[in-house]
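For reference, my_file-v6.cif is printed below; it contains mmCIF, C-alpha atoms and all ligand atoms.
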data_entry
loop_
_atom_site.label_atom_id
_atom_site.label_comp_id
_atom_site.auth_asym_id
_atom_site.auth_seq_id
_atom_site.Cartn_x
_atom_site.Cartn_y
_atom_site.Cartn_z
CA MET A 254 -28.64 4.62 -39.47
CA THR A 255 -28.70 7.61 -37.10
CA ARG A 256 -26.58 6.89 -34.08
CA GLY A 257 -25.28 10.36 -33.26
CA LEU A 258 -26.62 12.01 -30.12
CA THR A 259 -25.27 15.52 -30.73
CA GLY A 260 -27.54 18.09 -29.13
CA ARG A 261 -29.12 15.54 -26.79
CA ALA A 262 -28.99 15.86 -23.02
CA ALA A 263 -28.94 12.94 -20.61
CA ILE A 264 -29.00 12.25 -16.90
CA VAL A 265 -27.33 9.08 -15.63
CA THR A 266 -27.81 8.32 -11.93
CA GLY A 267 -25.03 6.30 -10.35
CA GLY A 268 -22.80 7.65 -13.11
CA ALA A 269 -19.53 7.70 -11.17
CA ARG A 270 -18.68 4.05 -11.60
CA GLY A 271 -19.63 0.70 -13.09
CA ILE A 272 -22.40 0.55 -15.68
CA GLY A 273 -23.40 4.17 -15.04
CA ARG A 274 -19.88 5.42 -15.70
CA ALA A 275 -19.57 3.43 -18.94
CA THR A 276 -22.96 4.77 -19.99
CA CYS A 277 -21.94 8.39 -19.33
CA LEU A 278 -18.82 7.94 -21.47
CA ALA A 279 -20.61 6.12 -24.30
CA LEU A 280 -23.35 8.75 -24.49
CA ALA A 281 -20.83 11.62 -24.40
CA ARG A 282 -18.70 9.94 -27.06
CA ALA A 283 -21.86 9.76 -29.20
CA GLY A 284 -22.11 13.54 -28.80
CA ALA A 285 -24.53 13.99 -25.88
CA THR A 286 -24.25 16.27 -22.87
CA VAL A 287 -24.40 13.89 -19.92
CA ALA A 288 -24.98 14.72 -16.27
CA ALA A 289 -23.62 12.07 -13.92
CA LEU A 290 -25.48 12.15 -10.60
CA ASP A 291 -23.70 10.33 -7.80
CA ILE A 292 -22.62 10.48 -4.17
CA ASP A 293 -19.09 9.33 -5.01
CA SER A 294 -17.28 12.64 -5.43
CA ALA A 295 -13.88 11.03 -6.11
CA GLY A 296 -15.47 8.89 -8.82
CA LEU A 297 -17.18 11.95 -10.32
CA ALA A 298 -13.90 13.87 -10.36
CA GLU A 299 -12.18 10.97 -12.10
CA LEU A 300 -15.03 10.70 -14.63
CA ALA A 301 -14.72 14.41 -15.41
CA ARG A 302 -11.10 13.80 -16.44
CA ALA A 303 -11.94 10.88 -18.78
CA ASP A 304 -12.07 11.28 -22.57
CA SER A 305 -15.67 12.25 -23.32
CA GLY A 306 -15.19 12.60 -27.08
CA PRO A 307 -17.33 15.25 -28.76
CA GLY A 308 -19.86 15.33 -25.93
CA ARG A 309 -19.70 16.77 -22.43
CA ILE A 310 -19.91 15.31 -18.94
CA LEU A 311 -21.39 17.32 -16.09
CA PRO A 312 -20.48 15.69 -12.77
CA MET A 313 -23.10 16.43 -10.13
CA ALA A 314 -22.98 15.43 -6.48
CA CYS A 315 -26.49 14.15 -5.73
CA ASP A 316 -27.97 11.58 -3.38
CA VAL A 317 -30.82 10.05 -5.40
CA ALA A 318 -32.52 8.98 -2.18
CA GLU A 319 -33.23 12.69 -1.55
CA ARG A 320 -36.14 13.74 -3.74
CA GLU A 321 -35.42 17.46 -3.48
CA ALA A 322 -31.77 16.91 -4.42
CA VAL A 323 -32.79 14.93 -7.51
CA PHE A 324 -35.22 17.64 -8.60
CA ALA A 325 -32.60 20.36 -8.02
CA ALA A 326 -29.97 18.45 -10.01
CA THR A 327 -32.44 17.86 -12.84
CA GLU A 328 -33.23 21.59 -13.01
CA ARG A 329 -29.50 22.36 -13.15
CA VAL A 330 -29.02 19.94 -16.03
CA VAL A 331 -31.92 21.47 -17.95
CA ALA A 332 -30.56 24.98 -17.33
CA GLU A 333 -27.06 24.00 -18.50
CA ALA A 334 -28.02 21.74 -21.42
CA GLY A 335 -31.17 23.53 -22.56
CA GLY A 336 -33.48 20.55 -21.99
CA LEU A 337 -33.51 16.84 -21.33
CA ASP A 338 -33.91 13.86 -23.66
CA LEU A 339 -32.78 10.83 -21.73
CA LEU A 340 -32.72 9.41 -18.21
CA VAL A 341 -30.75 6.30 -17.26
CA ALA A 342 -31.37 5.29 -13.64
CA CYS A 343 -28.40 3.16 -12.58
CA ALA A 344 -27.83 4.07 -8.93
CA VAL A 345 -27.91 1.06 -6.65
CA HIS A 346 -26.96 -0.01 -3.16
CA PHE A 347 -25.78 -3.62 -3.45
CA HIS A 348 -26.25 -6.00 -0.52
CA PHE A 349 -26.73 -9.76 -0.76
CA ALA A 350 -27.76 -11.66 2.37
CA PRO A 351 -30.47 -14.06 3.50
CA LEU A 352 -33.67 -12.04 3.80
CA VAL A 353 -34.06 -12.68 7.53
CA GLU A 354 -30.51 -11.47 8.13
CA THR A 355 -30.87 -8.20 6.24
CA PRO A 356 -31.09 -5.36 8.78
CA PRO A 357 -33.93 -2.86 8.34
CA ALA A 358 -31.49 0.00 7.80
CA ILE A 359 -29.96 -1.83 4.82
CA VAL A 360 -33.38 -2.73 3.39
CA ARG A 361 -34.44 0.91 3.63
CA GLN A 362 -31.24 2.16 2.04
CA MET A 363 -31.57 -0.31 -0.84
CA LEU A 364 -35.18 0.75 -1.42
CA ALA A 365 -34.33 4.45 -1.07
CA VAL A 366 -31.53 4.31 -3.66
CA GLY A 367 -32.71 1.59 -6.03
CA LEU A 368 -36.47 2.07 -6.11
CA GLU A 369 -37.26 5.51 -4.72
CA GLY A 370 -34.19 6.96 -6.44
CA THR A 371 -35.52 5.70 -9.77
CA LEU A 372 -39.00 7.06 -9.02
CA TRP A 373 -37.68 10.51 -8.02
CA ALA A 374 -35.48 10.71 -11.10
CA MET A 375 -38.42 9.78 -13.31
CA GLN A 376 -40.75 12.28 -11.63
CA ALA A 377 -38.18 15.02 -12.11
CA ALA A 378 -37.36 14.09 -15.71
CA ILE A 379 -40.76 13.34 -17.26
CA PRO A 380 -42.05 16.95 -17.51
CA HIS A 381 -38.81 17.95 -19.25
CA LEU A 382 -38.99 15.02 -21.67
CA GLU A 383 -42.56 16.04 -22.44
CA ARG A 384 -41.42 19.61 -23.12
CA ARG A 385 -38.91 18.20 -25.63
CA GLY A 386 -41.68 16.32 -27.43
CA GLY A 387 -40.46 12.92 -26.30
CA GLY A 388 -37.49 11.01 -24.96
CA LEU A 389 -36.26 7.82 -23.39
CA ILE A 390 -36.16 6.48 -19.85
CA VAL A 391 -33.98 3.46 -19.09
CA GLY A 392 -34.48 1.59 -15.82
CA LEU A 393 -31.99 -0.99 -14.61
CA SER A 394 -33.56 -4.37 -14.00
CA SER A 395 -31.49 -7.54 -13.71
CA VAL A 396 -31.42 -11.19 -14.69
CA ALA A 397 -32.38 -11.69 -11.03
CA VAL A 398 -35.93 -11.04 -12.26
CA PHE A 399 -35.75 -14.17 -14.47
CA TYR A 400 -34.16 -16.68 -12.12
CA GLY A 401 -33.58 -16.95 -8.41
CA ILE A 402 -30.24 -15.66 -7.15
CA ARG A 403 -29.40 -16.84 -3.67
CA HIS A 404 -29.34 -14.08 -1.03
CA ALA A 405 -30.68 -11.47 -3.46
CA GLY A 406 -34.19 -11.12 -1.99
CA VAL A 407 -34.34 -7.38 -1.42
CA TYR A 408 -32.31 -6.66 -4.55
CA THR A 409 -34.62 -8.83 -6.68
CA ALA A 410 -37.75 -7.26 -5.20
CA ILE A 411 -36.45 -3.84 -6.26
CA LYS A 412 -35.49 -5.03 -9.74
CA GLY A 413 -38.90 -6.69 -10.18
CA ALA A 414 -40.57 -3.43 -9.21
CA ILE A 415 -38.52 -1.49 -11.75
CA ASP A 416 -39.35 -4.05 -14.41
CA ALA A 417 -43.08 -3.68 -13.73
CA LEU A 418 -42.81 0.12 -13.51
CA VAL A 419 -41.15 0.24 -16.94
CA ARG A 420 -44.02 -1.64 -18.59
CA GLN A 421 -46.61 0.50 -16.80
CA GLN A 422 -44.86 3.78 -17.66
CA ALA A 423 -44.39 2.70 -21.28
CA VAL A 424 -48.19 2.63 -21.53
CA GLU A 425 -48.68 5.86 -19.58
CA LEU A 426 -45.99 7.84 -21.42
CA GLY A 427 -46.21 6.33 -24.91
CA PRO A 428 -48.76 8.92 -26.09
CA LYS A 429 -46.22 11.60 -25.09
CA ASN A 430 -43.60 9.95 -27.30
CA ILE A 431 -41.59 8.95 -24.25
CA ARG A 432 -40.21 5.43 -24.49
CA VAL A 433 -39.48 3.47 -21.32
CA VAL A 434 -37.19 0.46 -21.37
CA ALA A 435 -35.60 -1.85 -18.81
CA LEU A 436 -32.18 -3.41 -19.21
CA ALA A 437 -31.51 -6.72 -17.52
CA PRO A 438 -27.76 -7.28 -17.43
CA GLY A 439 -26.31 -10.59 -16.43
CA PRO A 440 -23.30 -10.49 -14.10
CA VAL A 441 -21.11 -7.51 -15.01
CA ASP A 442 -17.73 -6.97 -13.34
CA THR A 443 -18.27 -3.61 -11.60
CA PRO A 444 -17.27 -2.33 -8.16
CA GLY A 445 -20.82 -2.96 -6.95
CA ALA A 446 -21.04 -6.51 -8.26
CA ARG A 447 -17.56 -7.20 -6.84
CA SER A 448 -18.96 -6.42 -3.40
CA VAL A 449 -21.39 -9.37 -3.66
CA ILE A 450 -19.69 -11.79 -6.13
CA ASP A 451 -16.12 -13.05 -5.68
CA ASP A 452 -13.67 -14.35 -8.31
CA ALA A 453 -15.01 -17.89 -8.03
CA GLY A 454 -18.56 -16.59 -8.40
CA PHE A 455 -17.71 -14.71 -11.58
CA ALA A 456 -15.85 -17.73 -12.98
CA ALA A 457 -18.78 -20.05 -12.25
CA ARG A 458 -21.21 -17.65 -13.91
CA GLN A 459 -18.97 -17.30 -16.95
CA ALA A 460 -18.64 -21.08 -17.23
CA ARG A 461 -22.39 -21.56 -17.54
CA THR A 462 -22.94 -18.62 -19.91
CA PRO A 463 -23.68 -19.95 -23.41
CA LEU A 464 -21.57 -17.25 -25.10
CA GLY A 465 -18.70 -18.06 -22.74
CA ARG A 466 -18.17 -14.46 -21.73
CA LEU A 467 -19.87 -12.10 -19.33
CA ALA A 468 -21.22 -8.78 -20.56
CA THR A 469 -19.10 -5.74 -19.78
CA ALA A 470 -20.27 -2.35 -18.58
CA GLU A 471 -19.45 -1.10 -22.08
CA ASP A 472 -21.81 -3.71 -23.58
CA ILE A 473 -24.65 -2.34 -21.44
CA ALA A 474 -23.71 1.24 -22.35
CA ALA A 475 -23.74 0.39 -26.07
CA ALA A 476 -27.33 -0.82 -25.72
CA VAL A 477 -28.30 2.51 -24.14
CA VAL A 478 -26.72 4.46 -27.02
CA TRP A 479 -28.63 2.35 -29.52
CA LEU A 480 -31.91 2.66 -27.58
CA ALA A 481 -31.45 6.44 -27.48
CA SER A 482 -31.06 6.58 -31.25
CA GLU A 483 -33.78 6.95 -33.85
CA ASP A 484 -33.10 3.34 -34.86
CA ALA A 485 -34.91 2.22 -31.70
CA ARG A 486 -37.86 4.60 -32.05
CA SER A 487 -40.44 1.77 -32.05
CA ILE A 488 -39.06 0.06 -28.96
CA THR A 489 -40.75 0.60 -25.62
CA GLY A 490 -41.88 -1.40 -22.61
CA ILE A 491 -39.34 -4.19 -23.07
CA THR A 492 -36.87 -5.76 -20.69
CA LEU A 493 -33.73 -6.30 -22.73
CA LYS A 494 -31.57 -9.08 -21.38
CA ILE A 495 -27.85 -8.48 -21.96
CA ASP A 496 -26.53 -11.63 -20.37
CA GLY A 497 -24.67 -13.82 -22.86
CA GLY A 498 -27.61 -16.20 -22.58
CA ILE A 499 -26.98 -17.12 -18.94
CA THR A 500 -30.68 -17.06 -18.08
CA LEU A 501 -31.27 -19.85 -20.62
CA ALA A 502 -28.57 -22.13 -19.28
CA ALA A 503 -28.97 -24.94 -16.76
CA PRO A 504 -27.40 -24.07 -13.40
N1 LIG B 1 -23.08 -5.32 -12.17
C1 LIG B 1 -23.98 -6.27 -12.35
O1 LIG B 1 -23.67 -7.47 -12.34
C2 LIG B 1 -25.43 -5.89 -12.58
C3 LIG B 1 -26.30 -6.89 -13.04
C4 LIG B 1 -27.63 -6.57 -13.25
C5 LIG B 1 -28.08 -5.30 -13.00
N2 LIG B 1 -27.20 -4.34 -12.56
C6 LIG B 1 -27.72 -3.00 -12.30
O2 LIG B 1 -26.98 -2.03 -13.01
C7 LIG B 1 -26.96 -0.82 -12.25
C8 LIG B 1 -25.53 -0.37 -12.05
O3 LIG B 1 -24.85 -1.40 -11.35
P1 LIG B 1 -23.28 -1.40 -11.14
O4 LIG B 1 -22.89 -2.82 -11.07
O5 LIG B 1 -22.64 -0.50 -12.11
O6 LIG B 1 -23.20 -0.78 -9.64
P2 LIG B 1 -22.00 -0.04 -8.88
O7 LIG B 1 -22.26 -0.26 -7.41
O8 LIG B 1 -20.68 -0.44 -9.41
O9 LIG B 1 -22.27 1.50 -9.21
C9 LIG B 1 -23.42 2.09 -8.65
C10 LIG B 1 -23.24 3.59 -8.55
O10 LIG B 1 -24.36 4.11 -7.81
C11 LIG B 1 -23.86 5.10 -6.94
N3 LIG B 1 -24.76 5.33 -5.81
C12 LIG B 1 -24.95 4.55 -4.71
N4 LIG B 1 -25.80 5.15 -3.86
C13 LIG B 1 -26.17 6.33 -4.44
C14 LIG B 1 -27.01 7.39 -4.04
N5 LIG B 1 -27.66 7.36 -2.87
N6 LIG B 1 -27.16 8.45 -4.87
C15 LIG B 1 -26.48 8.50 -6.07
N7 LIG B 1 -25.66 7.52 -6.49
C16 LIG B 1 -25.50 6.45 -5.68
C17 LIG B 1 -22.51 4.56 -6.49
O11 LIG B 1 -21.68 5.57 -5.92
C18 LIG B 1 -21.97 4.01 -7.80
O12 LIG B 1 -21.27 5.00 -8.53
C19 LIG B 1 -27.67 -1.13 -10.93
O13 LIG B 1 -29.01 -0.70 -11.01
C20 LIG B 1 -27.58 -2.63 -10.84
O14 LIG B 1 -28.63 -3.18 -10.07
C21 LIG B 1 -25.88 -4.61 -12.35
#
So that I can check it, write out the structure of this file as C-alpha cells.
Amino acid sequence: MTRGLTGRAAIVTGGARGIGRATCLALARAGATVAALDIDSAGLAELARADSGPGRILPMACDVAEREAVFAATERVVAEAGGLDLLVACAVHFHFAPLVETPPAIVRQMLAVGLEGTLWAMQAAIPHLERRGGGLIVGLSSVAVFYGIRHAGVYTAIKGAIDALVRQQAVELGPKNIRVVALAPGPVDTPGARSVIDDAGFAARQARTPLGRLATAEDIAAAVVWLASEDARSITGITLKIDGGITLAAP
C-alpha cells in the first residue's frame, strides 16, 4: 500500500478550522505540502503552530468568494510547492433557517463561499493538476443531499450542486487523469456545525446513528488521505458517505 504523500502539494479551502483544519494536518502528516486558504487569520496562525509531521502547512489569507484572490493564492502555492496535486474545497458559510426567512444577503454569501468558492478553486487548480499529469479534487457534499434536513434549504441546494458538479467533472477531467470525488459527512462536531446544531441536536443524531458514534473531522480527513493515495487511483465520480450509517436509519 502506498499511503505517503511526500512531494505532493495540496490546497485546502476553509483550512483554518473544522474538517478543513483536520484535513490540512492529516495531509501534512502524510508528508504533503498543504496550503490552507481561509479568512480566519487567528485560526490560520494557530494551525501554523500545530504539529504538521513531515509535511508543511502554508497558511494563506484568502476569501474564496473572490475569484481573483483564489487564483492569486493558487499561483503562490504552485510557486512555493513547485506544482499542485490536490484540491479539497471545504470552505462554507453555515446558516440554517426556513427558506422564506433567509435574507438575500445570507443566501448570496452562502452561494459565494460554498458554491462559487468551490468553482473558483477548481478553475484555478485544474490547469495545474493537468500540468502535473493528474490529481484529485475533493468537493464537500453532505448527507443533506440524501435526506431532508429541516431549515437547510439553501445549504442543501449548494451541496446538491457540488454533488452534481463532481460527477460531471469526473467525466470531463477523467481523460486528464484528474479524479473528482465528493465526500458526504454526516453530522461532525465542528465550529460551523455547532452554529446550527446544539447539544441536544448532536445527541439525537448520535442516538439514531447505527454505529452509535458520529464521524469526527479526523475521520473525514483520513478519507481524503486515502483518496489522495495510489490505492484509490480507480475511484472517481463517487459521493462517499462518512456518516456512521445515519442516512440508512429511521428518523
Ligand atoms: N460539520 C458537519 O456536520 C458537516 C456535515 C456535512 C458536510 N460538511 C461540510 O464540510 C465542510 C467543512 O465544514 P465544517 O463543519 O468544518 O465548517 P466550519 O464552519 O467549522 O469551517 C469552515 C471554514 O471555512 C472558512 N470560511 C468561511 N468563509 C470563508 C471564505 N469566504 N473564504 C475562505 N474560507 C472561509 C471558515 O473560516 C472556517 O475555517 C463544509 O463544506 C461543510 O458543508 C460539514
> Which residues, written as a ChimeraX atom specification, have at least one atom at most 10 Å from Ile359 of chain A, with all atoms listed in the file counted and residues fewer than 2 positions away on the same chain left out?
Replying inline: /A:346-348,355-357,361-365,407
> Quick one: residues within 10 Å of Gly306 of chain A, all atoms listed in the file counted, chain neighbours fewer than 3 positions away excluded, as a VMD selection string?
Replying inline: chain A and resid 278 to 285 303 309 to 310
Take the residues that were just selected and, keeping C-alpha atoms, output them as a PDB file, keeping the file's coordinate frame.
ATOM      1  CA  LEU A 278     -18.820   7.940 -21.470  1.00  0.00           C
ATOM      2  CA  ALA A 279     -20.610   6.120 -24.300  1.00  0.00           C
ATOM      3  CA  LEU A 280     -23.350   8.750 -24.490  1.00  0.00           C
ATOM      4  CA  ALA A 281     -20.830  11.620 -24.400  1.00  0.00           C
ATOM      5  CA  ARG A 282     -18.700   9.940 -27.060  1.00  0.00           C
ATOM      6  CA  ALA A 283     -21.860   9.760 -29.200  1.00  0.00           C
ATOM      7  CA  GLY A 284     -22.110  13.540 -28.800  1.00  0.00           C
ATOM      8  CA  ALA A 285     -24.530  13.990 -25.880  1.00  0.00           C
ATOM      9  CA  ALA A 303     -11.940  10.880 -18.780  1.00  0.00           C
ATOM     10  CA  ARG A 309     -19.700  16.770 -22.430  1.00  0.00           C
ATOM     11  CA  ILE A 310     -19.910  15.310 -18.940  1.00  0.00           C
TER      12      ILE A 310
END
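Between atom CA of Phe349 of chain A and atom CA of Arg447 of chain A lies a distance of 11.3 Å.
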Once 3 Å is added on each side, what are the centre and the three edge lengths, in Å to one decimal, of the axis-aligned box enclosing the listed atoms of ligand LIG 1 (chain B)? Present them as AutoDock Vina command-line options.
--center_x -24.8 --center_y 0.5 --center_z -8.1 --size_x 14.3 --size_y 22.0 --size_z 16.4
>> Taking all atoms listed in the file into account, which residues have an atom no farther than 6 Å from ligand LIG 1 (chain B)? I'd like them as number ranges by chain.
In response: A: 266-273, 290-293, 315-318, 343-346, 366, 393-395, 437-446
> Got a sec: who's within 9 Å of Ala263 of chain A, counting only C-alpha atoms, leaving out chain neighbours fewer than 5 positions off, as a PyMOL selection string?
Replying inline: chain A and resi 277+280+285-289+330+334+336-341
> Counting all atoms listed in the file, what is within 12 Å of segment 417-434 of chain A, bar same-chain residues fewer than 3 positions away, as a PyMOL selection string?
Replying inline: chain A and resi 337-342+368-369+371-372+375-376+378-394+398+410-414+437+476-477+479-483+485-494
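The space separating atom CA of Ala322 of chain A from atom CA of Val265 of chain A comes to 14.4 Å.
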>> Given the point (-22.8, -24.5, -14.3) in the coordinates of this file, which residues lie within 9 Å, counting all atoms listed in the file, and how would they look as a PyMOL selection string?
In response: chain A and resi 457-462+502-504
Export of prior selection with C-alpha atoms as a PDB file, in the frame of the given file:
ATOM      1  CA  ALA A 457     -18.780 -20.050 -12.250  1.00  0.00           C
ATOM      2  CA  ARG A 458     -21.210 -17.650 -13.910  1.00  0.00           C
ATOM      3  CA  GLN A 459     -18.970 -17.300 -16.950  1.00  0.00           C
ATOM      4  CA  ALA A 460     -18.640 -21.080 -17.230  1.00  0.00           C
ATOM      5  CA  ARG A 461     -22.390 -21.560 -17.540  1.00  0.00           C
ATOM      6  CA  THR A 462     -22.940 -18.620 -19.910  1.00  0.00           C
ATOM      7  CA  ALA A 502     -28.570 -22.130 -19.280  1.00  0.00           C
ATOM      8  CA  ALA A 503     -28.970 -24.940 -16.760  1.00  0.00           C
ATOM      9  CA  PRO A 504     -27.400 -24.070 -13.400  1.00  0.00           C
TER      10      PRO A 504
END
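Atom to atom, atom CA of Glu299 of chain A and atom CA of Pro312 of chain A stand 9.6 Å apart.
Using all atoms listed in the file, the nearest neighbour of Phe324 of chain A within the list A:Val478, A:Ile473, A:Val360, A:Ala374 is A:Ala374.
Take the candidates A:Arg329, A:Asp416, A:Asp452, A:Pro463 and check each one against Phe399 of chain A using all atoms listed in the file; the shortest distance goes to A:Asp416.
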